[in-house]
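Shown next, in structure tokens, is the structure this report addresses.
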Amino acid sequence: MARVVLVGNLAQLTGGVAEFDLSATSIKQLFEQLTELYPAIGRHLDDGIAVAIDGQIYQDTLLEPIRPDSEVFLLPQIAGGASLS
Amino acid sequence: MPETTTNGHAQSFVGTRTIRPDGVDKVTGRARFGADFNLPGQLIGRVLRSPHPHARIVSIDTSKAEALPGVKAVVTRGDFPDQPSEFIPAGEMMMNYKDVVRNVMAREKALYEGHAVAAVAATSVAIARRALKLIDVKYEVLPHVIDVEEAMRPGAPLLHDDLFTVGVEPKPDKPSNVAKRIEIKQGDLAAGFKAADLVVEREFKTAPVHQGYIEPHAALATVSEDGTTELWCTTQGHYIVRAHCARLLGLDIGKVRVTATEIGGGFGGKTVVYLEPLAIALSKKAKRPVKMVMSREEVFKASGPTSGATVRVKIGVKKDGKFVAGFAELKYQAGAFQGSPVQPGVFCAFAPYDIENVHVVGYDVVSNRPKVAAYRAPGAPISEYAVESVVDEIAKKLDIDPIDLRMQNAAREGTKAAYGPKFGPIGLEETLNAIKKSEHWNAPLRKWQGRGVASGFWFNIGGETCVSLTVNEDGTVSLVAGTPDIGGLRASLAAVAADELGVPYDKVRPIIGDTGSLGFNFLTGGSRSAFSGSMAIVEAAKQIKSELCARACKLWEAKPEQVEFSGGAVRPLGALAEKVKPMTIADFAKVAGKTGGPIGGVGRINAQGAGPSFGTHLVDLEIDPETGRATILRYTVAQDAGRALHPAYVEGQYQGGAVQGIGWALNEEYIYGTDGKLQNAGFLDYRMPVASDVPMIDTVLVEVANPKHPYGVRGVGETPIVPPLGAIANAMEQATGIRFTELPMSPPKVLKALKEKGATKV
């Protein structure tokens with residue numbers, strides 16, 4: 001099971017639970033499993049979330065693999081010199 | 001001799017200081033920037049802007065302006081369909097089109113001085129100006145609020161009746177100017193501070209500063225009767241401009257073609273739309289091309305800047321120098337609409353350090369100022385300035401060398417960042433070592449001189465990127481990229497293409513294509529364009545090499561394992577080498593038509609694997625005790641580039657970031673009167689550093705390869721603006737004995753502090 005940690009305000013959408021053990025093998029599965037557990041987080045996972053798998057940050061991608069022993073952090077997307085708003 | 005890398009490519013141009021492909025045009029004046037584009041029959045567009053920092057717009061009567069001979073179109077809020085409140089991802093912060101449509105053209109209220117309320121297109125500048133005076137806008141002037149702390153107070157004038165603070169429990173039932181509260185936590189902060197032998201706490205203030213690009217915003221639009229739209233503009237991301245304009249004006253993306261002109265600086269400030277949708281709307285109405293260019297005053301009043309902020313930092317440390325707890329509270333101005341860079345500010349604050357117990361809280365606060373735009377490493381310079389100042393104070397209190405203190409606590413591979421994940425290979429220690437080993441570090445100082453050091457961090461990003469390589473009939477190569485070239489992209493990508501294909505650098509001609517040329521490209525920013533673009537070039541070149549090998553197999557009646565691509569040619573292997581000669585790319589180009597048609601490749605990727613970049617800056621300055629003026633005497637930047645594709649351009653990024661940071665630290669600030677109006681909207685009164693203000697910025701290229709990139713590249717453009725603020729504040733403290741906690745450290749402020757301290761005691 002991968003260890004999944006929600007960073008920042010995301011835990012407000014999961015009733016304050018910030019750490020999970022999930023069997024997801026990809027970011028897509030991770031999002032699906034989290035949404036099933038906490039439907040309120042689903043909309044936020046679709047947009048604006050970065051996923052750090054074993055220290056490497058991935059953005060706007062669903063297909064990156066997650067290993068059973070992976071450490072996964074969900075955090076707001078990162079840009080820079082580049083904000084659109 | 002070409003160097004062969006681990007990926008098997010013979011490299012001879014990457015890492016060298018090749019001549020920039022755009023250089024001749026730039027030095028001869030041929031390069032066409034935003035305002036250089038013109039079309040036959042074009043009209044001139046001008047914007048009417050609010051004179052009030054906060055006012056309800058009761059009515060707008062444009063009839064007199066429309067009746068003026070020579071006026072061909074007038075647009076106001078009614079010409080831009082309202083947008084629902086819908087957040088979409090936009091880098092480090094979300095954006096809401098409901099706000100974007102209100103920022104490009106005020107609707108219910110004008111929210112800052114300079115907010116657009118109408119625009120006209122006319123046959124001459126004089127007529128356009130006259131028309132603006134004929135537009136009758138009735139305002140109900142409202143109380144305004146400028147300062148971030150005042151905006152947060154209960155009873156402050158409210159900008160938005162529907163803005164309820166997100167991120168607090170229970171959810172507020174009353175609106176406020178605080179759009180969001182965010183926080184990160186790790187460890188046990190209270191236990192950390194309890195275990196500390198020394199705790200240092202300080203509050204800091206920074207002023208809003210503008211990106212200060214020399215080229216003002218400019219746009220030229222033409223809309224045909226069937227709705228086909230062409231737009232030329234100065235931007236960091238023409239695909240993003242296309243998306244925004246299409247959304248705001250209800251156009252099909254496929255019908256909008258945007259060309260990014262040469263750009264005279266952006267630094268994050270040209271990642272948004274201001275004039276572009278107005279020019280399109282006016283052109284659509286007038287049925288003629290419309291050109292719009294901002295004045296410098298408009299640039300200051302209605303675009304950018306980055307946030308001003310209040311930051312409180314508290315660090316707990318053991319006697320031996322080990323950091324055990326870090327707390328920070330960040331209050332960032334967002335301008336008139338939510339979306340300050342407080343999120344990355346929160347993440348970056350303690351990123352350079354390995355601290356077990358961390359808690360950072362951030363607030364995104366609206367006030368009656370122009371909406372902030374990104375500015376190099378958005379949010380990071382502010383929070384890291386505060387932390388680096390406290391770190392310096394700790395070093396002094398514990399009598400530990402400031403570089404040794406940073407080294408002792410430095411993040412390294414495996415360190416858990418304050419924002420969660422563990423770092424991979426990073427180069428902070430290497431930058432600290434480079435500075436400590438520099439001759440600069442040990443050079444003597446005189447009275448009134450001070451030396452400061454500070455480190456900085458930025459994440460860097462990748463993202464959607466598309467490039468094409470086409471082999472021309474004579475064997476030369478056309479390279480088309482879709483991210484505007486701000487800091488040497490064309491030279492960097494051309495070097496990578498030349499090495500990948502084994503052709504001379506000067507046989508690769510790179511251009512920036514329009515939005516019709518390539519698939520979607522995210523913009524130039526986040527320090528991503530050279531990182532992502534070079535990855536895409538590798539992919540495109542791979543396709544070409546594969547295609548050439550396939551054609552060689554057909555020509556030579558050989559099997560795939562009998563050929564290989566190396567050194568710019570397909571080479572026969574084994575016994576086949578006795579029968580046929582290698583074919584170069586130029587050889588294939590000559591027979592392209594007879595062997596299957598044009599030869600090319602398109603790299604389409606969503607680049608991942610961006611490696612963070614750390615830097616450490618060292619600065620010497622001297623104070624004139626009679627005027628309070630600080631003169632930068634010497635400056636050295638050491639930063640991890642991963643691999644410098646084009647060392648001169650990387651050094652240029654380091655130098656540019658340092659100089660912008662010098663301005664931020666010493667002089668730049670938005671000054672508002674009590675009437676809520678900006679008082680220094682011009683370069684005479686908004687003091688940016690010029691060449692004579694700064695010494696040559698020395699640079700040290702540290703290269704700790706990013707293992708996720710085929711050449712080891714890290715983004716380099718953001719990090720260099722992060723350390724200067726802290727480094728200069730620390731140098732100022734050494735020179736004067738005064739810890740300045742408010743930026744800018746401008747001469748009047750320094751002089752006042754010196755007088756308060758008593759000059760003889762300094």
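Residues are referred to by chain and number: the chain letter is A, B, ... according to the order shown in the structure tokens, the number counts from 1 in that chain, and ligands are numbered separately from 1 in the order shown.
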
Pull out every residue of chain A sitting within 10 Å of chain B, counting only C-alpha atoms, and send them as an NGL selection string. :A and (5-10 or 12-13 or 44 or 46-61 or 64 or 71-85)

What are the closest atom pairs, with distances in Å to one decimal, for each residue of segment 223-306 of chain B lying within 8 Å of segment 499-520 of chain B, using only C-alpha atoms, rows by chain and rising residue number, as a tab-separated table?
residue	atom	partner	partner_atom	distance
B:His238	CA	B:Thr515	CA	6.8
B:Tyr239	CA	B:Thr515	CA	6.0
B:Arg242	CA	B:Thr515	CA	7.9
B:Arg257	CA	B:Thr515	CA	5.6
B:Val258	CA	B:Thr515	CA	5.5
B:Thr259	CA	B:Asp514	CA	4.5
B:Ala260	CA	B:Asp514	CA	6.7

Could you write those residues out with N, CA and C atoms, as an mmCIF file, in the first residue's frame?
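What follows is the written file part.cif:
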data_model
loop_
_atom_site.group_PDB
_atom_site.id
_atom_site.type_symbol
_atom_site.label_atom_id
_atom_site.label_comp_id
_atom_site.auth_asym_id
_atom_site.auth_seq_id
_atom_site.Cartn_x
_atom_site.Cartn_y
_atom_site.Cartn_z
ATOM 1 N N HIS B 238 1.531 32.519 -25.956
ATOM 2 C CA HIS B 238 0.476 32.881 -26.905
ATOM 3 C C HIS B 238 -0.644 31.852 -26.947
ATOM 4 N N TYR B 239 -0.370 30.609 -26.561
ATOM 5 C CA TYR B 239 -1.461 29.630 -26.481
ATOM 6 C C TYR B 239 -2.401 29.980 -25.323
ATOM 7 N N ARG B 242 -4.487 32.856 -26.441
ATOM 8 C CA ARG B 242 -5.558 32.357 -27.312
ATOM 9 C C ARG B 242 -6.692 31.775 -26.475
ATOM 10 N N ARG B 257 -5.806 32.776 -34.102
ATOM 11 C CA ARG B 257 -4.387 32.507 -34.325
ATOM 12 C C ARG B 257 -3.594 33.626 -33.665
ATOM 13 N N VAL B 258 -2.721 33.249 -32.762
ATOM 14 C CA VAL B 258 -1.946 34.246 -32.018
ATOM 15 C C VAL B 258 -0.461 34.070 -32.330
ATOM 16 N N THR B 259 0.174 35.171 -32.637
ATOM 17 C CA THR B 259 1.621 35.172 -32.865
ATOM 18 C C THR B 259 2.285 35.961 -31.746
ATOM 19 N N ALA B 260 3.246 35.328 -31.115
ATOM 20 C CA ALA B 260 4.008 36.032 -30.077
ATOM 21 C C ALA B 260 5.120 36.817 -30.766
#

As an MDAnalysis selection string, list the residues of segment 59-139 of chain B assigned to alpha helix (DSSP H) by DSSP on the backbone atoms of this structure. chainID B and resid 63:67 97:104 125:134

Env of Leu22 of chain A: 10 Å cut, atoms = only C-alpha atoms, seq-sep filter 6 positions within chain, self excluded. Answer as an mmCIF file with N, CA and C atoms, in the first residue's frame.
data_model
loop_
_atom_site.group_PDB
_atom_site.id
_atom_site.type_symbol
_atom_site.label_atom_id
_atom_site.label_comp_id
_atom_site.auth_asym_id
_atom_site.auth_seq_id
_atom_site.Cartn_x
_atom_site.Cartn_y
_atom_site.Cartn_z
ATOM 1 N N MET A 1 0.854 -1.207 0.000
ATOM 2 C CA MET A 1 0.000 0.000 0.000
ATOM 3 C C MET A 1 0.885 1.251 0.000
ATOM 4 N N ALA A 2 0.554 2.166 -0.862
ATOM 5 C CA ALA A 2 1.318 3.418 -0.903
ATOM 6 C C ALA A 2 0.842 4.343 0.223
ATOM 7 N N ARG A 3 1.800 5.058 0.800
ATOM 8 C CA ARG A 3 1.461 6.038 1.840
ATOM 9 C C ARG A 3 1.130 7.350 1.138
ATOM 10 N N VAL A 4 -0.060 7.882 1.380
ATOM 11 C CA VAL A 4 -0.513 9.091 0.692
ATOM 12 C C VAL A 4 -0.742 10.194 1.733
ATOM 13 N N GLN A 29 -5.710 6.040 -10.523
ATOM 14 C CA GLN A 29 -6.343 5.191 -9.488
ATOM 15 C C GLN A 29 -6.355 5.896 -8.135
ATOM 16 N N LEU A 30 -5.295 6.596 -7.850
ATOM 17 C CA LEU A 30 -5.215 7.324 -6.577
ATOM 18 C C LEU A 30 -6.366 8.323 -6.468
ATOM 19 N N GLN A 33 -9.684 6.478 -5.991
ATOM 20 C CA GLN A 33 -9.874 5.917 -4.651
ATOM 21 C C GLN A 33 -10.150 7.009 -3.620
ATOM 22 N N LEU A 34 -9.443 8.125 -3.751
ATOM 23 C CA LEU A 34 -9.689 9.226 -2.810
ATOM 24 C C LEU A 34 -11.097 9.791 -2.984
ATOM 25 N N PRO A 68 3.829 -0.011 -4.555
ATOM 26 C CA PRO A 68 3.217 -0.294 -3.244
ATOM 27 C C PRO A 68 3.950 0.395 -2.092
ATOM 28 N N VAL A 72 3.619 9.238 -1.317
ATOM 29 C CA VAL A 72 2.925 10.135 -2.250
ATOM 30 C C VAL A 72 2.398 11.353 -1.494
#

What are the closest atom pairs, with distances in Å to one decimal, for all residues of segment 43-160 of chain B lying within 10 Å of segment 216-234 of chain B? Consider only C-alpha atoms, order rows by chain and residue number, and present the result as JSON lines.
{"residue": "B:Leu43", "atom": "CA", "partner": "B:Leu220", "partner_atom": "CA", "distance": 9.5}
{"residue": "B:Ile44", "atom": "CA", "partner": "B:Leu220", "partner_atom": "CA", "distance": 9.3}
{"residue": "B:Gly45", "atom": "CA", "partner": "B:Leu220", "partner_atom": "CA", "distance": 9.3}

Just give me the gap between atom CA of Ala630 of chain B and atom CA of Ser746 of chain B in Å, one decimal is fine. 8.0 Å

Show me, as JSON lines, the residues of segment 49-83 of chain A having an atom within 7 Å of segment 23-27 of chain A, each with the closest atom pair and its distance in Å, using only C-alpha atoms.
{"residue": "A:Leu62", "atom": "CA", "partner": "A:Ile27", "partner_atom": "CA", "distance": 4.9}
{"residue": "A:Leu63", "atom": "CA", "partner": "A:Ser26", "partner_atom": "CA", "distance": 5.8}
{"residue": "A:Glu64", "atom": "CA", "partner": "A:Ser26", "partner_atom": "CA", "distance": 5.5}
{"residue": "A:Pro65", "atom": "CA", "partner": "A:Ser26", "partner_atom": "CA", "distance": 4.3}
{"residue": "A:Ile66", "atom": "CA", "partner": "A:Thr25", "partner_atom": "CA", "distance": 4.6}
{"residue": "A:Arg67", "atom": "CA", "partner": "A:Thr25", "partner_atom": "CA", "distance": 6.0}
{"residue": "A:Pro68", "atom": "CA", "partner": "A:Ser23", "partner_atom": "CA", "distance": 6.8}

Would you export the selected residues with C-alpha atoms as an mmCIF file, in the first residue's frame, please?
data_model
loop_
_atom_site.group_PDB
_atom_site.id
_atom_site.type_symbol
_atom_site.label_atom_id
_atom_site.label_comp_id
_atom_site.auth_asym_id
_atom_site.auth_seq_id
_atom_site.Cartn_x
_atom_site.Cartn_y
_atom_site.Cartn_z
ATOM 1 C CA LEU A 62 -2.798 10.729 -14.648
ATOM 2 C CA LEU A 63 -0.655 7.855 -15.821
ATOM 3 C CA GLU A 64 2.458 7.958 -13.640
ATOM 4 C CA PRO A 65 2.862 4.657 -11.775
ATOM 5 C CA ILE A 66 2.740 4.380 -7.999
ATOM 6 C CA ARG A 67 4.558 1.505 -6.338
ATOM 7 C CA PRO A 68 3.217 -0.294 -3.244
#
